[in-house]
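Structure below is model-v7.cif: mmCIF, C-alpha atoms and all ligand atoms.
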```cif
data_upload
loop_
_atom_site.group_PDB
_atom_site.id
_atom_site.type_symbol
_atom_site.label_atom_id
_atom_site.label_comp_id
_atom_site.auth_asym_id
_atom_site.auth_seq_id
_atom_site.Cartn_x
_atom_site.Cartn_y
_atom_site.Cartn_z
ATOM 1 C CA MET A 1 117.001 44.114 157.365
ATOM 2 C CA ARG A 2 116.201 46.969 155.036
ATOM 3 C CA ILE A 3 113.970 46.175 152.079
ATOM 4 C CA LEU A 4 113.298 48.460 149.131
ATOM 5 C CA VAL A 5 110.505 47.871 146.628
ATOM 6 C CA VAL A 6 111.348 49.479 143.286
ATOM 7 C CA TYR A 7 108.522 49.406 140.782
ATOM 8 C CA TYR A 8 107.420 50.657 137.409
ATOM 9 C CA SER A 9 103.709 51.164 136.869
ATOM 10 C CA TYR A 10 101.869 53.039 134.162
ATOM 11 C CA SER A 11 98.223 52.403 134.969
ATOM 12 C CA GLY A 12 98.507 51.687 138.686
ATOM 13 C CA PHE A 13 98.104 47.939 139.185
ATOM 14 C CA THR A 14 101.798 47.225 139.744
ATOM 15 C CA ARG A 15 101.935 50.201 142.103
ATOM 16 C CA ARG A 16 99.108 48.707 144.190
ATOM 17 C CA VAL A 17 100.874 45.357 144.311
ATOM 18 C CA ALA A 18 104.141 47.116 145.241
ATOM 19 C CA GLU A 19 102.372 48.960 148.047
ATOM 20 C CA ALA A 20 100.864 45.736 149.394
ATOM 21 C CA VAL A 21 104.250 43.979 149.311
ATOM 22 C CA ALA A 22 106.034 46.937 150.933
ATOM 23 C CA ARG A 23 103.433 47.180 153.692
ATOM 24 C CA ALA A 24 103.728 43.467 154.423
ATOM 25 C CA CYS A 25 107.538 43.418 154.596
ATOM 26 C CA SER A 26 107.944 46.907 156.124
ATOM 27 C CA GLY A 27 109.835 47.963 153.022
ATOM 28 C CA GLU A 28 110.271 51.361 151.471
ATOM 29 C CA LEU A 29 108.907 52.233 148.042
ATOM 30 C CA CYS A 30 110.622 53.794 145.070
ATOM 31 C CA ALA A 31 108.853 54.458 141.740
ATOM 32 C CA LEU A 32 110.567 54.475 138.357
ATOM 33 C CA GLU A 33 109.270 57.312 136.227
ATOM 34 C CA GLN A 34 109.957 58.657 132.795
ATOM 35 C CA PRO A 35 110.600 62.403 132.529
ATOM 36 C CA LYS A 36 107.402 62.979 130.561
ATOM 37 C CA ARG A 37 104.276 60.905 131.148
ATOM 38 C CA ARG A 38 102.828 59.551 127.922
ATOM 39 C CA GLY A 39 99.164 59.294 127.051
ATOM 40 C CA THR A 40 97.598 55.825 127.099
ATOM 41 C CA PHE A 41 97.791 55.275 123.343
ATOM 42 C CA MET A 42 101.396 56.447 123.093
ATOM 43 C CA ASN A 43 102.314 54.296 126.052
ATOM 44 C CA PHE A 44 100.774 51.270 124.378
ATOM 45 C CA VAL A 45 102.534 51.871 121.045
ATOM 46 C CA MET A 46 105.892 53.225 122.219
ATOM 47 C CA GLY A 47 106.020 51.247 125.459
ATOM 48 C CA GLY A 48 105.398 48.013 123.549
ATOM 49 C CA PHE A 49 107.898 48.930 120.829
ATOM 50 C CA GLU A 50 110.668 49.905 123.257
ATOM 51 C CA ALA A 51 110.100 46.751 125.292
ATOM 52 C CA MET A 52 110.258 44.512 122.214
ATOM 53 C CA ARG A 53 113.428 46.203 121.037
ATOM 54 C CA ARG A 54 115.015 45.887 124.505
ATOM 55 C CA ARG A 55 115.568 49.631 124.471
ATOM 56 C CA SER A 56 116.872 51.785 127.316
ATOM 57 C CA VAL A 57 115.011 55.017 128.048
ATOM 58 C CA ALA A 58 115.541 58.149 130.125
ATOM 59 C CA LEU A 59 114.344 57.944 133.737
ATOM 60 C CA LYS A 60 113.762 60.663 136.289
ATOM 61 C CA PRO A 61 116.590 60.764 138.866
ATOM 62 C CA LEU A 62 116.026 57.988 141.401
ATOM 63 C CA ALA A 63 114.718 58.977 144.797
ATOM 64 C CA CYS A 64 116.400 55.959 146.433
ATOM 65 C CA ASP A 65 119.892 54.523 146.871
ATOM 66 C CA VAL A 66 119.642 50.814 146.105
ATOM 67 C CA ALA A 67 123.041 50.093 147.675
ATOM 68 C CA ALA A 68 121.679 51.030 151.086
ATOM 69 C CA TYR A 69 119.290 48.032 151.244
ATOM 70 C CA ASP A 70 119.753 44.370 152.106
ATOM 71 C CA LEU A 71 117.085 43.296 149.626
ATOM 72 C CA VAL A 72 115.682 45.104 146.590
ATOM 73 C CA VAL A 73 112.316 43.885 145.299
ATOM 74 C CA LEU A 74 111.686 44.746 141.649
ATOM 75 C CA GLY A 75 108.081 45.062 140.481
ATOM 76 C CA THR A 76 107.072 45.494 136.872
ATOM 77 C CA PRO A 77 104.283 44.867 134.376
ATOM 78 C CA VAL A 78 104.866 42.612 131.369
ATOM 79 C CA TYR A 79 105.016 44.556 128.103
ATOM 80 C CA ALA A 80 104.993 42.659 124.812
ATOM 81 C CA GLY A 81 106.129 39.487 126.536
ATOM 82 C CA THR A 82 109.137 41.104 128.128
ATOM 83 C CA LEU A 83 110.267 43.846 130.518
ATOM 84 C CA PRO A 84 109.142 47.410 129.889
ATOM 85 C CA ALA A 85 112.044 49.720 129.024
ATOM 86 C CA PRO A 86 112.034 51.677 132.327
ATOM 87 C CA MET A 87 112.604 48.495 134.388
ATOM 88 C CA ARG A 88 115.207 47.151 131.956
ATOM 89 C CA THR A 89 117.007 50.529 132.069
ATOM 90 C CA PHE A 90 116.943 50.583 135.858
ATOM 91 C CA ILE A 91 118.397 47.068 136.117
ATOM 92 C CA LEU A 92 121.136 47.861 133.605
ATOM 93 C CA GLN A 93 122.045 51.115 135.363
ATOM 94 C CA GLU A 94 121.727 50.075 138.993
ATOM 95 C CA GLY A 95 121.907 46.271 139.016
ATOM 96 C CA SER A 96 125.572 46.100 139.967
ATOM 97 C CA ARG A 97 124.859 48.180 143.096
ATOM 98 C CA ILE A 98 122.130 45.832 144.383
ATOM 99 C CA ARG A 99 123.199 43.355 147.084
ATOM 100 C CA ARG A 100 120.304 40.963 146.826
ATOM 101 C CA ALA A 101 117.224 41.034 144.608
ATOM 102 C CA THR A 102 113.901 39.374 144.003
ATOM 103 C CA GLY A 103 110.882 40.530 142.091
ATOM 104 C CA PHE A 104 107.345 40.277 140.851
ATOM 105 C CA ILE A 105 105.596 40.804 137.556
ATOM 106 C CA THR A 106 102.033 41.771 136.799
ATOM 107 C CA ALA A 107 100.297 40.960 133.525
ATOM 108 C CA SER A 108 96.801 40.955 132.085
ATOM 109 C CA GLY A 109 96.987 37.302 131.027
ATOM 110 C CA ARG A 110 97.697 34.113 132.861
ATOM 111 C CA GLU A 111 99.855 32.711 130.066
ATOM 112 C CA ALA A 112 102.859 30.673 131.134
ATOM 113 C CA GLU A 113 104.759 32.906 128.688
ATOM 114 C CA ASN A 114 104.583 35.636 131.289
ATOM 115 C CA LEU A 115 106.550 33.569 133.768
ATOM 116 C CA LYS A 116 109.462 33.822 131.370
ATOM 117 C CA VAL A 117 109.606 37.516 132.124
ATOM 118 C CA LEU A 118 110.361 36.738 135.764
ATOM 119 C CA GLN A 119 113.113 34.458 134.538
ATOM 120 C CA GLU A 120 114.371 37.185 132.249
ATOM 121 C CA MET A 121 114.579 39.597 135.184
ATOM 122 C CA ARG A 122 116.426 36.990 137.231
ATOM 123 C CA GLY A 123 118.767 36.425 134.274
ATOM 124 C CA LEU A 124 119.782 40.091 134.377
ATOM 125 C CA LEU A 125 120.720 39.727 138.062
ATOM 126 C CA PRO A 126 121.926 36.115 138.128
ATOM 127 C CA ASP A 127 124.202 36.015 141.151
ATOM 128 C CA ILE A 128 122.053 37.937 143.583
ATOM 129 C CA TRP A 129 118.537 36.721 142.767
ATOM 130 C CA ARG A 130 116.467 35.131 145.475
ATOM 131 C CA GLU A 131 113.604 32.781 144.698
ATOM 132 C CA PRO A 132 110.684 32.705 144.654
ATOM 133 C CA GLY A 133 109.553 35.612 142.560
ATOM 134 C CA LEU A 134 105.852 36.329 142.198
ATOM 135 C CA PHE A 135 103.495 36.510 139.220
ATOM 136 C CA VAL A 136 100.310 38.478 139.840
ATOM 137 C CA CYS A 137 97.703 38.300 137.118
ATOM 138 C CA TYR A 138 95.323 41.198 136.732
ATOM 139 C CA SER A 139 92.318 40.178 134.712
ATOM 140 C CA PRO A 140 90.928 36.987 136.207
ATOM 141 C CA ASN A 141 91.639 38.176 139.730
ATOM 142 C CA PRO A 142 89.528 40.572 141.629
ATOM 143 C CA ASN A 143 91.991 43.068 143.106
ATOM 144 C CA GLU A 144 91.428 41.758 146.598
ATOM 145 C CA VAL A 145 92.713 38.344 145.591
ATOM 146 C CA ALA A 146 95.722 39.820 143.793
ATOM 147 C CA LEU A 147 96.540 42.061 146.724
ATOM 148 C CA GLY A 148 96.072 39.205 149.209
ATOM 149 C CA VAL A 149 98.600 37.106 147.278
ATOM 150 C CA SER A 150 100.981 40.087 147.210
ATOM 151 C CA LYS A 151 100.629 40.595 150.944
ATOM 152 C CA ALA A 152 101.352 36.918 151.658
ATOM 153 C CA TRP A 153 104.479 37.080 149.505
ATOM 154 C CA GLY A 154 105.629 40.270 151.272
ATOM 155 C CA LEU A 155 105.149 38.642 154.685
ATOM 156 C CA GLU A 156 107.187 35.674 153.503
ATOM 157 C CA LEU A 157 109.974 38.003 152.357
ATOM 158 C CA ALA A 158 110.041 39.688 155.738
ATOM 159 C CA ARG A 159 110.275 36.325 157.523
ATOM 160 C CA ALA A 160 113.007 35.081 155.205
ATOM 161 C CA THR A 161 115.159 38.160 155.699
ATOM 162 C CA LEU A 162 114.996 38.121 159.492
HETATM 163 C C1 LIG A 201 102.387 48.227 125.966
HETATM 164 C C2 LIG A 201 101.754 47.141 126.762
HETATM 165 C C3 LIG A 201 102.077 45.822 126.487
HETATM 166 C C4 LIG A 201 101.529 44.759 127.253
HETATM 167 N N1 LIG A 201 101.889 43.488 126.968
HETATM 168 C C5 LIG A 201 101.377 42.463 127.703
HETATM 169 C C6 LIG A 201 101.755 41.100 127.432
HETATM 170 O O1 LIG A 201 102.583 40.808 126.561
HETATM 171 N N2 LIG A 201 101.175 40.111 128.194
HETATM 172 C C7 LIG A 201 100.253 40.389 129.185
HETATM 173 O O2 LIG A 201 99.761 39.458 129.822
HETATM 174 N N3 LIG A 201 99.902 41.676 129.484
HETATM 175 C C8 LIG A 201 100.438 42.701 128.765
HETATM 176 N N4 LIG A 201 100.091 44.001 129.060
HETATM 177 C C9 LIG A 201 99.210 44.254 130.203
HETATM 178 C C10 LIG A 201 100.007 44.688 131.445
HETATM 179 O O3 LIG A 201 101.135 43.860 131.692
HETATM 180 C C11 LIG A 201 99.131 44.632 132.713
HETATM 181 O O4 LIG A 201 97.910 45.265 132.503
HETATM 182 C C12 LIG A 201 99.877 45.223 133.898
HETATM 183 O O5 LIG A 201 99.346 44.695 135.100
HETATM 184 C C13 LIG A 201 99.783 46.751 133.913
HETATM 185 O O6 LIG A 201 100.496 47.246 135.017
HETATM 186 P P1 LIG A 201 100.305 48.761 135.513
HETATM 187 O O7 LIG A 201 98.838 48.974 135.777
HETATM 188 O O8 LIG A 201 101.108 48.846 136.749
HETATM 189 O O9 LIG A 201 100.830 49.667 134.428
HETATM 190 C C14 LIG A 201 100.609 45.064 128.305
HETATM 191 C C15 LIG A 201 100.276 46.396 128.570
HETATM 192 C C16 LIG A 201 100.839 47.431 127.827
HETATM 193 C C17 LIG A 201 100.468 48.860 128.141
#
```
Starting from the file, give its structure as structure tokens.
Amino acid sequence: MRILVVYYSYSGFTRRVAEAVARACSGELCALEQPKRRGTFMNFVMGGFEAMRRRSVALKPLACDVAAYDLVVLGTPVYAGTLPAPMRTFILQEGSRIRRATGFITASGREAENLKVLQEMRGLLPDIWREPGLFVCYSPNPNEVALGVSKAWGLELARATL
């Protein structure tokens, strides 16, 4: 079973979770990147605005072929209570080429609202989504806890896809 972990991360937390998941399920990693990296302030303002407006944005050419994998794991932060534009763009552009998908979100707050973002991601890939997704919260968790949870989920994915 070939597993690909596709993630968007601006400040690095989602990347660390993606790495932990990929290590645990022996998956490959693929990062979504915008052509020009924004500064922190611009990312907060524009990233939040584009997310709220459900905008699509330009992405760097993908370094992975999603159709070549049995399972694609999507990892993304929550922006303004929804998906950041790079992940939404990726799903809209590549979703129809994915055989089977699951995913995780990271967020700074524990709010139940954030779980809706997992549901939103599943809603964009309704026929191929595999439960359970994962919600990893940044702020109350020391990173070791967050990464331990991510590892356990990755191991579970690997077992389930055997
Ligand atoms: C523009 C912007 C909007 C955000 N909106 C939310 C939000 O609505 N709810 C939340 O819990 N965290 C929110 N966050 C925090 C991020 O989801 C969280 O810090 C995430 O883990 C960052 O991932 P990264 O380090 O991979 O970029 C926001 C962060 C940014 C930059």
Centre and edge lengths of an axis-aligned box around all listed atoms of ligand LIG 201 (chain A), with 3 Å added on each side, are to be given in Å to one decimal, as JSON.
```
{"center_x": 100.2, "center_y": 44.6, "center_z": 131.4, "size_x": 10.7, "size_y": 16.2, "size_z": 16.8}
```
Hey, what comes out of the PyMOL selection byres (((chain A and resi 23) around 12) and not hetatm) on this file? Could you write it as a ChimeraX atom specification?
/A:3-5,16-22,24-29,147-148,150-155,157-158
Report as an NGL selection string all protein, DNA and RNA residues lying within 12 Å of Glu113 (chain A), evaluated on all atoms listed in the file, omitting residues in the same chain fewer than 2 positions from it.
:A and (78-82 or 105 or 107-111 or 115-120 or 135)
Using the chain letters and numbers from this file, what does the PyMOL selection byres (((chain A and resi 37) around 12) and not hetatm) select? Give the answer as a list in words.
Ser9, Tyr10, Ser11, Leu32, Glu33, Gln34, Pro35, Lys36, Arg38, Gly39, Thr40, Phe41, Met42, Asn43, Met46, Gly47, Ala58, Leu59 and Lys60 of chain A
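Closest approach to ligand LIG 201 (chain A) among A:Phe49, A:Phe90, A:Phe104, A:Phe13 is made by A:Phe13 (distances from only C-alpha atoms and all ligand atoms).
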Just want the 12 Å neighbourhood of Arg88 (chain A), counted on all atoms listed in the file, with same-chain residues fewer than 5 positions away dropped. Output as a ChimeraX atom specification.
/A:7-8,32,47,50-59,74-79,82-83,93-95,117,120-125
Could you write those residues out with C-alpha atoms, as a tab-separated table (two decimals), keeping the file's coordinate frame?
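The result, stored in again_14.tsv:
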```tsv
chain	number	residue	atom	x	y	z
A	7	TYR	CA	108.52	49.41	140.78
A	8	TYR	CA	107.42	50.66	137.41
A	32	LEU	CA	110.57	54.48	138.36
A	47	GLY	CA	106.02	51.25	125.46
A	50	GLU	CA	110.67	49.90	123.26
A	51	ALA	CA	110.10	46.75	125.29
A	52	MET	CA	110.26	44.51	122.21
A	53	ARG	CA	113.43	46.20	121.04
A	54	ARG	CA	115.02	45.89	124.50
A	55	ARG	CA	115.57	49.63	124.47
A	56	SER	CA	116.87	51.78	127.32
A	57	VAL	CA	115.01	55.02	128.05
A	58	ALA	CA	115.54	58.15	130.12
A	59	LEU	CA	114.34	57.94	133.74
A	74	LEU	CA	111.69	44.75	141.65
A	75	GLY	CA	108.08	45.06	140.48
A	76	THR	CA	107.07	45.49	136.87
A	77	PRO	CA	104.28	44.87	134.38
A	78	VAL	CA	104.87	42.61	131.37
A	79	TYR	CA	105.02	44.56	128.10
A	82	THR	CA	109.14	41.10	128.13
A	83	LEU	CA	110.27	43.85	130.52
A	93	GLN	CA	122.04	51.12	135.36
A	94	GLU	CA	121.73	50.08	138.99
A	95	GLY	CA	121.91	46.27	139.02
A	117	VAL	CA	109.61	37.52	132.12
A	120	GLU	CA	114.37	37.18	132.25
A	121	MET	CA	114.58	39.60	135.18
A	122	ARG	CA	116.43	36.99	137.23
A	123	GLY	CA	118.77	36.42	134.27
A	124	LEU	CA	119.78	40.09	134.38
A	125	LEU	CA	120.72	39.73	138.06
```
One number please: CA of Ala146 (chain A) to CA of Glu131 (chain A), in Å, one decimal.
19.2 Å
From the list A:Thr161, A:Asn114, A:Thr102, A:Asn141, which residue is nearest Trp129 (chain A) when using all atoms listed in the file?
A:Thr102
From the set A:Pro126, A:Pro132, A:Gly12, A:Pro86, which residue has the shortest atom-to-atom contact distance to ligand LIG 201 (chain A), counting all atoms listed in the file?
A:Gly12
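Coordinates place CA of Cys137 (chain A) at a distance of 18.4 Å from CA of Phe44 (chain A).
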Measure the distance from CA of Pro61 (chain A) to atom C17 of ligand LIG 201 (chain A) in Å and round it to one decimal.
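So the answer is 22.7 Å.
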